[in-house]
$ cat coords-v4.csv   # CSV, C-alpha atoms
chain,number,residue,atom,x,y,z
A,1,MET,CA,70.2,-15.4,140.8
A,2,ALA,CA,66.8,-16.2,139.2
A,3,GLN,CA,67.1,-13.0,137.1
A,4,ALA,CA,70.6,-14.0,135.8
A,5,GLY,CA,69.1,-17.4,134.8
A,6,ALA,CA,66.2,-15.6,133.0
A,7,GLU,CA,68.8,-13.5,131.1
A,8,LEU,CA,70.8,-16.6,130.1
A,9,ASN,CA,67.6,-18.3,128.8
A,10,LEU,CA,66.8,-15.2,126.9
A,11,VAL,CA,70.2,-15.2,125.2
A,12,LYS,CA,69.9,-19.0,124.4
A,13,SER,CA,66.5,-18.5,122.9
A,14,GLY,CA,67.7,-15.7,120.5
A,15,GLY,CA,66.7,-12.6,122.5
A,16,SER,CA,68.9,-9.8,123.6
A,17,LEU,CA,70.1,-8.7,127.0
A,18,GLY,CA,68.4,-5.8,128.7
A,19,GLY,CA,69.5,-2.3,128.1
A,20,SER,CA,70.5,-1.9,131.7
A,21,LEU,CA,73.6,-4.0,131.2
A,22,GLY,CA,74.9,-1.7,128.5
A,23,SER,CA,75.5,-4.5,126.0
A,24,LYS,CA,73.7,-6.5,123.3
A,25,ALA,CA,74.0,-10.2,122.8
A,26,VAL,CA,73.8,-11.5,119.3
A,27,VAL,CA,73.1,-15.2,118.7
A,28,GLY,CA,75.5,-16.9,116.3
A,29,ALA,CA,75.9,-20.5,115.1
A,30,HIS,CA,75.2,-23.6,117.1
A,31,THR,CA,78.2,-25.5,118.5
A,32,ALA,CA,78.8,-29.2,118.3
A,33,GLY,CA,77.7,-29.7,121.9
A,34,GLY,CA,74.3,-28.2,121.3
A,35,GLY,CA,75.1,-24.8,122.8
A,36,VAL,CA,74.8,-21.4,121.2
A,37,VAL,CA,77.7,-19.1,120.4
A,38,VAL,CA,76.9,-15.6,121.8
A,39,GLU,CA,78.7,-12.4,120.9
A,40,VAL,CA,78.5,-9.5,123.3
A,41,ARG,CA,79.0,-6.0,122.0
A,42,GLU,CA,79.5,-3.1,124.3
A,43,LYS,CA,77.1,-0.2,123.9
A,44,LYS,CA,79.0,3.1,123.8
A,45,GLY,CA,77.8,6.6,124.3
A,46,PRO,CA,78.6,9.3,121.7
A,47,LEU,CA,81.6,10.7,123.6
A,48,ARG,CA,83.2,7.3,124.2
A,49,ALA,CA,82.4,6.1,120.6
A,50,ALA,CA,84.2,9.3,119.3
A,51,ILE,CA,87.6,8.2,120.8
A,52,PRO,CA,89.9,7.9,117.8
A,53,THR,CA,92.0,4.8,117.0
A,54,MET,CA,95.5,6.1,116.6
A,55,PRO,CA,99.0,4.5,116.2
A,56,PHE,CA,100.1,2.9,119.5
A,57,PRO,CA,103.0,5.3,120.3
A,58,LEU,CA,100.7,8.3,119.9
A,59,ALA,CA,98.1,6.7,122.1
A,60,VAL,CA,100.7,6.1,124.8
A,61,ILE,CA,101.8,9.8,124.6
A,62,CYS,CA,98.2,10.9,124.9
A,63,LEU,CA,97.8,8.6,128.0
A,64,PHE,CA,100.9,10.1,129.5
A,65,LEU,CA,99.7,13.7,128.8
A,66,ASN,CA,96.2,12.9,130.2
A,67,THR,CA,97.8,11.5,133.4
A,68,PHE,CA,99.7,14.7,134.2
A,69,ILE,CA,97.7,17.4,132.5
A,70,PRO,CA,94.0,16.3,132.4
A,71,GLY,CA,92.4,16.8,129.0
A,72,LEU,CA,95.6,17.6,127.0
A,73,GLY,CA,96.0,14.2,125.5
A,74,THR,CA,92.3,14.1,124.6
A,75,PHE,CA,92.6,17.5,123.0
A,76,ILE,CA,95.5,16.3,120.9
A,77,SER,CA,93.7,13.1,120.0
A,78,ALA,CA,90.9,15.3,118.6
A,79,PHE,CA,93.2,16.5,115.9
A,80,THR,CA,94.1,12.9,114.9
A,81,VAL,CA,90.5,12.5,113.7
A,82,LEU,CA,91.2,15.3,111.2
A,83,CYS,CA,94.4,13.6,110.1
A,84,GLY,CA,92.7,10.3,109.3
A,85,ALA,CA,92.4,8.4,112.6
A,86,ARG,CA,89.4,6.1,112.7
A,87,SER,CA,86.5,6.3,115.1
A,88,ASP,CA,83.2,4.4,115.5
A,89,LEU,CA,81.2,7.5,114.9
A,90,ILE,CA,82.8,8.9,111.7
A,91,SER,CA,80.5,6.9,109.4
A,92,GLU,CA,77.4,8.2,111.3
A,93,ARG,CA,78.3,11.8,112.1
A,94,GLY,CA,81.3,12.8,110.0
A,95,LYS,CA,84.9,13.8,110.9
A,96,CYS,CA,84.0,17.4,112.0
A,97,CYS,CA,81.4,16.3,114.5
A,98,VAL,CA,83.7,13.6,115.9
A,99,PHE,CA,86.4,16.2,116.2
A,100,TRP,CA,84.1,18.5,118.2
A,101,LEU,CA,83.0,15.7,120.4
A,102,ASN,CA,86.6,15.0,121.3
A,103,VAL,CA,87.2,18.7,122.0
A,104,ALA,CA,84.1,18.7,124.2
A,105,ALA,CA,85.4,15.6,126.1
A,106,ALA,CA,88.7,17.4,126.6
A,107,LEU,CA,87.0,20.5,128.0
A,108,ILE,CA,84.9,18.4,130.3
A,109,GLN,CA,88.0,16.8,131.6
A,110,ILE,CA,89.8,20.1,132.1
A,111,LEU,CA,86.8,21.8,133.8
A,112,THR,CA,86.1,19.0,136.2
A,113,ALA,CA,89.7,18.2,137.0
A,114,VAL,CA,89.4,20.5,140.0
A,115,ILE,CA,87.1,18.1,141.7
A,116,MET,CA,89.2,15.0,140.6
A,117,VAL,CA,86.4,13.7,138.3
A,118,GLY,CA,88.0,15.1,135.2
A,119,TRP,CA,91.5,13.8,136.1
A,120,ILE,CA,90.1,10.3,136.6
A,121,MET,CA,88.1,10.5,133.5
A,122,SER,CA,91.1,11.8,131.6
A,123,ILE,CA,93.2,8.8,132.7
A,124,PHE,CA,90.5,6.4,131.7
A,125,TRP,CA,90.2,8.1,128.4
A,126,GLY,CA,93.9,7.7,127.8
A,127,MET,CA,93.7,4.0,128.7
A,128,ASP,CA,90.8,3.6,126.2
A,129,MET,CA,93.0,5.2,123.5
A,130,VAL,CA,95.8,2.7,124.3
A,131,ILE,CA,93.4,-0.2,124.3
A,132,LEU,CA,91.9,0.8,121.0
A,133,ALA,CA,95.3,1.3,119.5
A,134,SER,CA,96.5,-2.2,120.6
A,135,GLN,CA,93.3,-3.9,119.4
A,136,TYR,CA,93.2,-2.2,116.0
A,137,ARG,CA,94.1,-4.5,113.1
A,138,SER,CA,93.9,-3.6,109.4
A,139,PRO,CA,90.9,-5.3,107.8
A,140,GLN,CA,92.9,-6.2,104.7
A,141,CYS,CA,95.7,-7.9,106.6
A,142,PRO,CA,94.5,-9.5,109.8
A,143,GLY,CA,97.1,-9.6,112.5
A,144,VAL,CA,99.1,-6.6,111.1
A,145,SER,CA,98.6,-3.2,112.5
A,146,ILE,CA,98.5,-0.1,110.2
A,147,TYR,CA,101.7,1.2,111.9
A,148,THR,CA,103.5,-2.1,111.0
A,149,LYS,CA,102.3,-1.8,107.4
A,150,ILE,CA,103.7,1.7,107.1
A,151,VAL,CA,107.1,0.8,108.5
A,152,VAL,CA,107.4,-2.4,106.5
A,153,GLY,CA,106.2,-0.6,103.4
A,154,THR,CA,108.8,2.1,103.9
A,155,LYS,CA,111.6,-0.4,104.3
A,156,ALA,CA,110.5,-2.3,101.2
A,157,PHE,CA,110.5,1.0,99.2
A,158,LEU,CA,114.0,1.9,100.4
A,159,LYS,CA,115.3,-1.6,99.5
A,160,THR,CA,113.7,-1.3,96.0
A,161,SER,CA,115.1,2.1,95.5
A,162,GLU,CA,118.6,0.9,96.5
A,163,LYS,CA,118.5,-1.7,93.7
A,164,MET,CA,117.5,0.8,91.0
A,165,PRO,CA,120.3,2.2,88.9
A,166,GLY,CA,120.9,5.9,89.1
A,167,THR,CA,119.5,6.4,92.6
A,168,LEU,CA,121.5,7.6,95.6
$ encode --input "coords-v4.csv" --output "structure tokens"
Amino acid sequence: MAQAGAELNLVKSGGSLGGSLGSKAVVGAHTAGGGVVVEVREKKGPLRAAIPTMPFPLAVICLFLNTFIPGLGTFISAFTVLCGARSDLISERGKCCVFWLNVAAALIQILTAVIMVGWIMSIFWGMDMVILASQYRSPQCPGVSIYTKIVVGTKAFLKTSEKMPGTL
């Protein structure tokens, strides 16, 4: 209990949480009550940071595949990186490296599925894909997913082309 209090004081004084917790606290603005706003960011390893952010339906399909055939959904998700899916590591390591990290994660899941570790890892990987897909929002339009923008944009294009003379 004393250690938790020491960590809390460290956060209030502007420090950061220890590396053993796997997260880093960043001090923000002071609140009206005199407290401090703290943002906690999760520290991800390279394999986990390489999980691509895909459209929600594709992420659900990958979760389904990972549940019944360990590693298959992860392997398919690797190709979404080459097709433009975002990942936390693309800016640091590039698309090709992120692709191969996802292929490596799929191989680890397939090879360790025999001892159940890979199967469990595969299911959690699929769940992370769905969570990332549901949390992703376009930076230009907060609250609107990229999938919604594509569908709405396509409908707007079709309505515009219907009004144009000489179109089918």
$ closest_residue --input "coords-v4.csv" --among "A:Leu101, A:Gln135, A:Asp128, A:Glu39" --to "A:Val60" --atoms "only C-alpha atoms"
A:Asp128
$ closest_residue --input "coords-v4.csv" --among "A:Ala49, A:Ile76, A:Ser134, A:Pro55" --to "A:Ser91" --atoms "all atoms listed in the file"
A:Ala49
$ atom_distance --input "coords-v4.csv" --atom1 "atom CA of A:Phe75" --atom2 "atom CA of A:Ala106"
5.3 Å
$ atom_distance --input "coords-v4.csv" --atom1 "atom CA of A:Cys83" --atom2 "atom CA of A:Leu111"
26.2 Å
$ atom_distance --input "coords-v4.csv" --atom1 "atom CA of A:Leu72" --atom2 "atom CA of A:Val117"
15.1 Å
$ closest_residue --input "coords-v4.csv" --among "A:Ile69, A:Leu47, A:Ala78, A:Cys97" --to "A:Ile120" --atoms "all atoms listed in the file"
A:Ile69
$ residues_around --input "coords-v4.csv" --residues "A:Val130" --least-positions-apart "4" --cutoff "9 Å" --atoms "all atoms listed in the file" --output "ChimeraX atom specification"
/A:53-60,62-63,125-126,134-135
$ write_last_selection --input "coords-v4.csv" --atoms "C-alpha atoms" --output "mmCIF file, in the frame of the given file"
data_model
loop_
_atom_site.group_PDB
_atom_site.id
_atom_site.type_symbol
_atom_site.label_atom_id
_atom_site.label_comp_id
_atom_site.auth_asym_id
_atom_site.auth_seq_id
_atom_site.Cartn_x
_atom_site.Cartn_y
_atom_site.Cartn_z
ATOM 1 C CA THR A 53 92.000 4.800 117.000
ATOM 2 C CA MET A 54 95.500 6.100 116.600
ATOM 3 C CA PRO A 55 99.000 4.500 116.200
ATOM 4 C CA PHE A 56 100.100 2.900 119.500
ATOM 5 C CA PRO A 57 103.000 5.300 120.300
ATOM 6 C CA LEU A 58 100.700 8.300 119.900
ATOM 7 C CA ALA A 59 98.100 6.700 122.100
ATOM 8 C CA VAL A 60 100.700 6.100 124.800
ATOM 9 C CA CYS A 62 98.200 10.900 124.900
ATOM 10 C CA LEU A 63 97.800 8.600 128.000
ATOM 11 C CA TRP A 125 90.200 8.100 128.400
ATOM 12 C CA GLY A 126 93.900 7.700 127.800
ATOM 13 C CA SER A 134 96.500 -2.200 120.600
ATOM 14 C CA GLN A 135 93.300 -3.900 119.400
#
$ residues_around --input "coords-v4.csv" --residues "stretch 85-88 of chain A" --least-positions-apart "5" --cutoff "10 Å" --atoms "all atoms listed in the file" --output "PyMOL selection string"
chain A and resi 44+46+48-55+77-80+93-95+98-99+132+136
$ residues_around --input "coords-v4.csv" --residues "A:Trp119" --least-positions-apart "2" --cutoff "10 Å" --atoms "all atoms listed in the file" --output "ChimeraX atom specification"
/A:66-71,108-117,121-125
